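> I am attaching a structure below and will ask some questions about it afterwards.
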Amino acid sequence: MVAAIKEETEPEITQRAARDSGVRVHWLSLGELSKLIETFQREGVSRAIMAGQVKHKQIFSSIRPDWRLAKLLLSLGTRNTDSLLGAISKVLADEGITLLSSTSYLEPLLARAGVLTKRAPTDEEHKNIAYGQQVARSLAQYDIGQTVVIAESACVAVEAMEGTDATILRAGGIMRTLPREETSDSFLKRALTVVKVAKPKQDLRFDVPVIGVKTIETMRLAGATCLAVDAQRCLFLDGERIVEAADAERIAILGCES
């Protein structure tokens, strides 16, 4: 069975589930934790996998939590991604439902180590990657965000609740605010490098770093020329299509070994 979150899941999943496997799809609101548990128990579900993402900013939306979720939210000292999803997974476990690693059936989609594109990062991009990893790993331990955007070893943007693509676009917007003549004659290069890392103690049951073809398109729009991710700890949602899209735009992708 599939438990589809109304606020996040594409409606096409109902047709795809019926066509591909005849799996039943149950639609629930993000705030209906009790209904989720009742649905699992009614369907005899004892193991579950999180597929996709619930945006962190949804905690400030107008969605009304049921009594179980409200109690959980009020009990948390911090409401970052790890604490929220960790608490939900504990509630599920208490009800006999084990949350499995979200990569359990997706290992072929994990980023490989090494240069993944036709173009390798330049020396300048390697410097950006090294600095970006330092910054991103320091932030990731606080569960603030997992992506930073770097230019000439300077941090242009840091991810928070808005997500990776919005962070990249913000970095591109910052560069576009510079006067045109200053940009063209600048002593320092304006090309952006995107660095996305896993958390130091990444819980693979949820919030695994993900890259899609849309990320490459966003990088093109922002003027980013290089992407670095943690090998075996970042999902390439669209598989080889991501590398093909990057090659078409002369964007370099590097899988970094931790």
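Each chain in the structure tokens gets a letter, A, B and so on, in the order shown; residues start at 1 in every chain, and ligands are counted from 1 in the order they appear.
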Can you pull out every residue within 7 Å of range 240-249 of chain A, counting only C-alpha atoms, but drop anything in the same chain fewer than 6 positions away, and send it as a PyMOL selection string?
chain A and resi 116-118+212-213+216
> Taking N, CA and C atoms for each residue, export the selection above as a PDB file, in the first residue's frame.

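Heads up, here's the output in again33.pdb:
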ATOM      1  N   LEU A 116      31.767  12.117 -12.443  1.00  0.00           N
ATOM      2  CA  LEU A 116      30.633  11.416 -13.044  1.00  0.00           C
ATOM      3  C   LEU A 116      30.250  11.962 -14.410  1.00  0.00           C
ATOM      4  N   THR A 117      30.828  13.091 -14.779  1.00  0.00           N
ATOM      5  CA  THR A 117      30.489  13.752 -16.042  1.00  0.00           C
ATOM      6  C   THR A 117      31.691  13.742 -16.983  1.00  0.00           C
ATOM      7  N   LYS A 118      31.457  14.142 -18.222  1.00  0.00           N
ATOM      8  CA  LYS A 118      32.549  14.219 -19.193  1.00  0.00           C
ATOM      9  C   LYS A 118      33.583  15.252 -18.759  1.00  0.00           C
ATOM     10  N   GLY A 212      18.053  15.855  -8.508  1.00  0.00           N
ATOM     11  CA  GLY A 212      17.261  15.474  -9.670  1.00  0.00           C
ATOM     12  C   GLY A 212      17.661  16.288 -10.886  1.00  0.00           C
ATOM     13  N   VAL A 213      17.081  15.961 -12.036  1.00  0.00           N
ATOM     14  CA  VAL A 213      17.353  16.722 -13.256  1.00  0.00           C
ATOM     15  C   VAL A 213      16.998  18.191 -13.064  1.00  0.00           C
ATOM     16  N   ILE A 216      19.859  20.294 -11.916  1.00  0.00           N
ATOM     17  CA  ILE A 216      20.797  20.692 -12.973  1.00  0.00           C
ATOM     18  C   ILE A 216      20.255  21.891 -13.735  1.00  0.00           C
TER      19      ILE A 216
END
> Which residues are close to Leu84 in chain A, i.e. within 12 Å by only C-alpha atoms, leaving aside same-chain residues fewer than 6 positions away? Reply as number ranges by chain.
A: 54-59, 69-78, 90-91, 143, 206-207
> Go ahead and save the residues from that selection, with N, CA, C and O atoms, as a compact mmCIF listing (two decimals), in the first residue's frame.

# COMPACT_ATOMS: atom_id res chain seq x y z
N VAL A 54 9.01 15.60 2.62
CA VAL A 54 8.05 16.56 3.18
C VAL A 54 8.84 17.80 3.53
O VAL A 54 9.78 17.75 4.31
N LYS A 55 8.49 18.93 2.92
CA LYS A 55 9.25 20.16 3.13
C LYS A 55 9.19 20.59 4.59
O LYS A 55 8.12 20.63 5.20
N HIS A 56 10.34 20.93 5.14
CA HIS A 56 10.44 21.30 6.55
C HIS A 56 9.55 22.50 6.88
O HIS A 56 8.97 22.60 7.96
N LYS A 57 9.41 23.42 5.92
CA LYS A 57 8.64 24.64 6.18
C LYS A 57 7.16 24.34 6.40
O LYS A 57 6.40 25.22 6.85
N GLN A 58 6.72 23.11 6.13
CA GLN A 58 5.32 22.75 6.33
C GLN A 58 4.90 22.85 7.80
O GLN A 58 3.71 22.95 8.09
N ILE A 59 5.87 22.83 8.72
CA ILE A 59 5.49 22.94 10.13
C ILE A 59 4.88 24.30 10.44
O ILE A 59 4.21 24.47 11.47
N LEU A 69 -0.08 14.22 16.72
CA LEU A 69 1.00 15.02 16.14
C LEU A 69 1.22 16.31 16.94
O LEU A 69 2.36 16.74 17.15
N ALA A 70 0.12 16.93 17.41
CA ALA A 70 0.24 18.14 18.22
C ALA A 70 1.02 17.85 19.51
O ALA A 70 1.90 18.63 19.91
N LYS A 71 0.71 16.74 20.13
CA LYS A 71 1.43 16.34 21.35
C LYS A 71 2.90 16.12 21.06
O LYS A 71 3.77 16.56 21.84
N LEU A 72 3.20 15.50 19.94
CA LEU A 72 4.59 15.25 19.56
C LEU A 72 5.33 16.57 19.32
O LEU A 72 6.46 16.76 19.81
N LEU A 73 4.72 17.49 18.57
CA LEU A 73 5.36 18.77 18.27
C LEU A 73 5.65 19.57 19.54
O LEU A 73 6.72 20.17 19.67
N LEU A 74 4.71 19.55 20.46
CA LEU A 74 4.88 20.31 21.70
C LEU A 74 5.95 19.70 22.61
O LEU A 74 6.52 20.39 23.45
N SER A 75 6.22 18.41 22.42
CA SER A 75 7.20 17.73 23.28
C SER A 75 8.64 17.95 22.83
O SER A 75 9.58 17.66 23.58
N LEU A 76 8.84 18.48 21.61
CA LEU A 76 10.18 18.61 21.06
C LEU A 76 10.88 19.87 21.54
O LEU A 76 10.30 20.95 21.53
N GLY A 77 12.13 19.71 21.94
CA GLY A 77 12.92 20.88 22.33
C GLY A 77 13.33 21.70 21.12
O GLY A 77 13.32 22.93 21.14
N THR A 78 13.70 21.02 20.02
CA THR A 78 13.99 21.66 18.74
C THR A 78 13.13 20.99 17.68
O THR A 78 12.77 19.82 17.80
N LYS A 90 9.79 7.05 16.00
CA LYS A 90 9.66 6.39 17.31
C LYS A 90 8.20 6.08 17.61
O LYS A 90 7.88 5.00 18.13
N VAL A 91 7.30 7.01 17.27
CA VAL A 91 5.87 6.77 17.46
C VAL A 91 5.43 5.56 16.64
O VAL A 91 4.69 4.69 17.12
N ASP A 143 21.79 20.38 11.64
CA ASP A 143 20.57 20.12 10.89
C ASP A 143 19.93 21.42 10.40
O ASP A 143 18.71 21.59 10.44
N PHE A 206 15.39 8.60 6.57
CA PHE A 206 14.72 9.80 6.10
C PHE A 206 15.72 10.91 5.82
O PHE A 206 16.86 10.88 6.28
N ASP A 207 15.27 11.89 5.05
CA ASP A 207 16.03 13.11 4.75
C ASP A 207 17.38 12.82 4.10
O ASP A 207 18.36 13.52 4.36
> Select from range 30-73 of chain A every residue with an atom at most 10 Å from any atom of range 2-22 of chain A, then for each give the shortest pair of atoms and their distance in Å to one decimal, using only C-alpha atoms, rows by chain and rising number, as a tab-separated table.

residue	atom	partner	partner_atom	distance
A:Leu30	CA	A:Ile5	CA	5.8
A:Gly31	CA	A:Ile5	CA	9.3
A:Glu32	CA	A:Ile5	CA	9.4
A:Leu36	CA	A:Ala3	CA	7.4
A:Thr39	CA	A:Ala3	CA	8.3
A:Phe40	CA	A:Ala3	CA	8.5
A:Ala48	CA	A:Val2	CA	9.4
A:Ile49	CA	A:Val2	CA	9.7
A:Met50	CA	A:Ala3	CA	9.6
A:Ala51	CA	A:Ala4	CA	9.8
A:Gly52	CA	A:Thr9	CA	8.5
A:Gln53	CA	A:Glu8	CA	7.7
A:Val54	CA	A:Glu8	CA	6.5
A:Lys55	CA	A:Glu8	CA	8.1
A:Gln58	CA	A:Glu7	CA	8.9
A:Ile63	CA	A:Glu7	CA	9.1
> Leaving out Ala160 in chain A and any residue of its chain fewer than 6 positions from it, which residues lie within 10 Å of it when counting only C-alpha atoms, given as a short mmCIF file (atom, residue, chain, number, x, y, z; two decimals) with C-alpha atoms, in the first residue's frame?

data_model
loop_
_atom_site.label_atom_id
_atom_site.label_comp_id
_atom_site.auth_asym_id
_atom_site.auth_seq_id
_atom_site.Cartn_x
_atom_site.Cartn_y
_atom_site.Cartn_z
CA HIS A 56 10.44 21.30 6.55
CA LYS A 57 8.64 24.64 6.18
CA LEU A 139 26.21 23.35 9.29
CA ASP A 143 20.57 20.12 10.89
CA ILE A 144 20.28 23.60 9.37
CA GLY A 145 20.75 22.53 5.76
CA GLN A 146 22.97 20.32 3.65
CA THR A 147 23.80 22.54 0.68
CA VAL A 148 26.08 25.54 0.25
CA ALA A 166 15.76 27.64 -3.95
CA THR A 167 19.20 28.06 -2.36
#
> Which residue gives the smallest distance to Leu109 in chain A among A:Ala87, A:Val210, A:Ala191, A:Ala171, with only C-alpha atoms counted?
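Closest candidate: A:Val210.
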> What does the distance from CA of Trp67 in chain A to CA of Ser34 in chain A come to in Å, to one decimal?
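Computing it gives 8.0 Å between the two atoms.
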> For each of A:Leu85, A:Cys155, A:Leu28, A:Leu106, take the minimum atom-to-atom distance to Leu237 in chain A, counting only C-alpha atoms, then give the residue where this is smallest.
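When distances to Leu237 in chain A are compared using only C-alpha atoms, the smallest one comes from A:Leu106.
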> From the DSSP assignment of the backbone, select every residue of range 3-247 of chain A that is strand (DSSP E or B), and format the answer as a ChimeraX atom specification.
/A:3-5,25-28,47-48,98-99,110,114-115,147-151,154-158,192-196,210-211,224-230,235-236
> Kindly indicate which residue among A:Ser83, A:Ser104, A:Thr193, A:Ser89 lies nearest to Ala151 in chain A, using only C-alpha atoms for the distances.
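When distances to Ala151 in chain A are compared using only C-alpha atoms, the smallest one comes from A:Thr193.
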> Grab the CA of Ala154 in chain A to CA of Ile211 in chain A distance for me, in Å with one decimal place.
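CA of Ala154 in chain A sits 22.9 Å away from CA of Ile211 in chain A.
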> Rank A:Ile37, A:Asn80, A:Asp238, A:Ile129 by their smallest atom-to-atom distance to Thr98 in chain A, using only C-alpha atoms, and report the top residue only.
A:Ile37
> Among range 58-234 of chain A, which residues carry a DSSP assignment of alpha helix (DSSP H), reported as an NGL selection string?
:A and (67-75 or 81-94 or 123-140 or 164-176 or 180-184 or 213-222)
> Within 12 Å of Thr122 in chain A, counting only C-alpha atoms, which residues show up once you throw out same-chain ones fewer than 2 positions away? Write them as a PyMOL selection string, please.
chain A and resi 115+119-120+124-129+152+191+193+225-227+250-254
